Structures are given as C-alpha cells and as structure tokens.
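Written below as structure tokens is the structure these notes are about.
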Amino acid sequence: MRKILLLVTFIVFATTAFAQQNRGLCNIEVNDVSKITALGYLIGYTVQFKNNTSKTVDGVYWTAYYYNNDNKLIESEKSSFNSTNLIDPIAAGFSKSIARSPRVKGASIVLVVINKVHYSDGSSCK
C-alpha cells in the first residue's frame, strides 16, 4: 500500500512540476486562464491579468499558445488588451479578465505568455 501511495505522489509531483505554465512580466501576473471547447475546437478562453505594480496598466501584449491533449503545439497567436474610453485600464492592485475566441481545431490547452506591458504614464516594459 505504501508503494502505491509513493508512486501516486511521484506521478502527481512530476506532472505538476514539469507542466507548462503561464508567464507574467514586470509584476503583471497571469492569474487564471479558463477555456471553452466544443466539438473538437477551442472556441474561447478568458485570461485574468493581475497588476502588482504601483502604476496603472493601459496595455498588455501576449502570445497565446494552443496545445492538444498530447501537449503538442498546434499554433500560436499574438493578442493584446488596450484600454479606451469605454474599457478601463488595470489599476494598481486590481485584476481584469479578457475574453478571446480563437476557434482552434484540436486545441484543448491554452498557455499565455506576456510579451510587453504598457503603462498609462507612457512607459513600457518588455
């Protein structure tokens, strides 16, 4: 029984320790990525960004990587969030969820990597 418990613990540790992970940049974190799949297509995802800086963020630029259940890359796509008069920026200490609908056939996993952050004071971070 003890050997089975150790084996299960090792498998859980190995799959979580070496799993692909979302990556933030410049104290902007990717808190959560939720996805919707139907009929073999990834039809949408929502990504939540958390601003851990003292500045207001008015732009986030990221690359979304789409994988199948076998962890094989199907495709990647650049995307962005830019605040406008109708869409508020991400204030310091707050989060914002952004939805996208890529419609990728065979994808079931979304990995988000932030490439650039733009602040409302005109500065940016890469």
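Chains: A, B, ... in order of the structure tokens. Residues: from 1 per chain. Ligands: from 1, in order shown.
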Based on the backbone DSSP call, show me all residues of chain A assigned alpha helix (DSSP H), as an NGL selection string. :A and (2-17)
Just the residues within 6 Å of Asn52 in chain A, please, counting only C-alpha atoms, with nothing from its chain fewer than 6 positions along; format it as a PyMOL selection string. chain A and resi 27-28+93
Give the answer as one residue: which of A:Gly40, A:Gly106, A:Gly122, A:Pro89 has the shortest atom-to-atom distance to Asn71 in chain A, using only C-alpha atoms? A:Gly106
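Closest to Gly44 in chain A among A:Val57, A:Ala99, A:Leu25, A:Ile114 is A:Ala99, based on only C-alpha atoms.
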With distances taken over only C-alpha atoms, which residue among A:Val112, A:Glu29, A:Lys105, A:Asn69 lies nearest Thr46 in chain A?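 Of the candidates, the smallest distance to Thr46 in chain A is held by A:Val112.
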Return as a ChimeraX atom specification the full set of residues in chain A whose backbone-based DSSP assignment is strand (DSSP E or B). /A:23,25,28-38,41-51,57-67,73-82,90,95-100,104-105,109-119,124-125
CA of Glu75 in chain A to CA of Asn51 in chain A measures 27.6 Å
For Ala92 in chain A, please output as a list in words all residues within 6 Å (counting only C-alpha atoms; exclusion window: fewer than 5 positions along the same chain).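 Contacts, in chain order: Asn51, Thr53, Ser54, Lys55 and Thr56 of chain A.
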Selection to disk with N, CA and C atoms, as a CSV table (one decimal), in the first residue's frame:
chain,number,residue,atom,x,y,z
A,51,ASN,N,-2.5,43.2,-11.8
A,51,ASN,CA,-1.5,44.3,-11.8
A,51,ASN,C,-0.9,44.4,-10.4
A,53,THR,N,1.8,46.2,-9.7
A,53,THR,CA,2.7,47.3,-9.7
A,53,THR,C,2.0,48.5,-9.0
A,54,SER,N,2.7,49.6,-8.9
A,54,SER,CA,2.1,50.9,-8.4
A,54,SER,C,1.6,51.8,-9.5
A,55,LYS,N,1.7,51.3,-10.8
A,55,LYS,CA,1.3,52.1,-11.9
A,55,LYS,C,0.0,51.5,-12.5
A,56,THR,N,-0.7,52.3,-13.3
A,56,THR,CA,-1.9,51.8,-14.0
A,56,THR,C,-1.5,51.3,-15.3
Could you tell me how far CA of Ser123 in chain A lies from CA of Phe81 in chain A, in Å and to one decimal?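 Between these atoms lies a distance of 15.9 Å.
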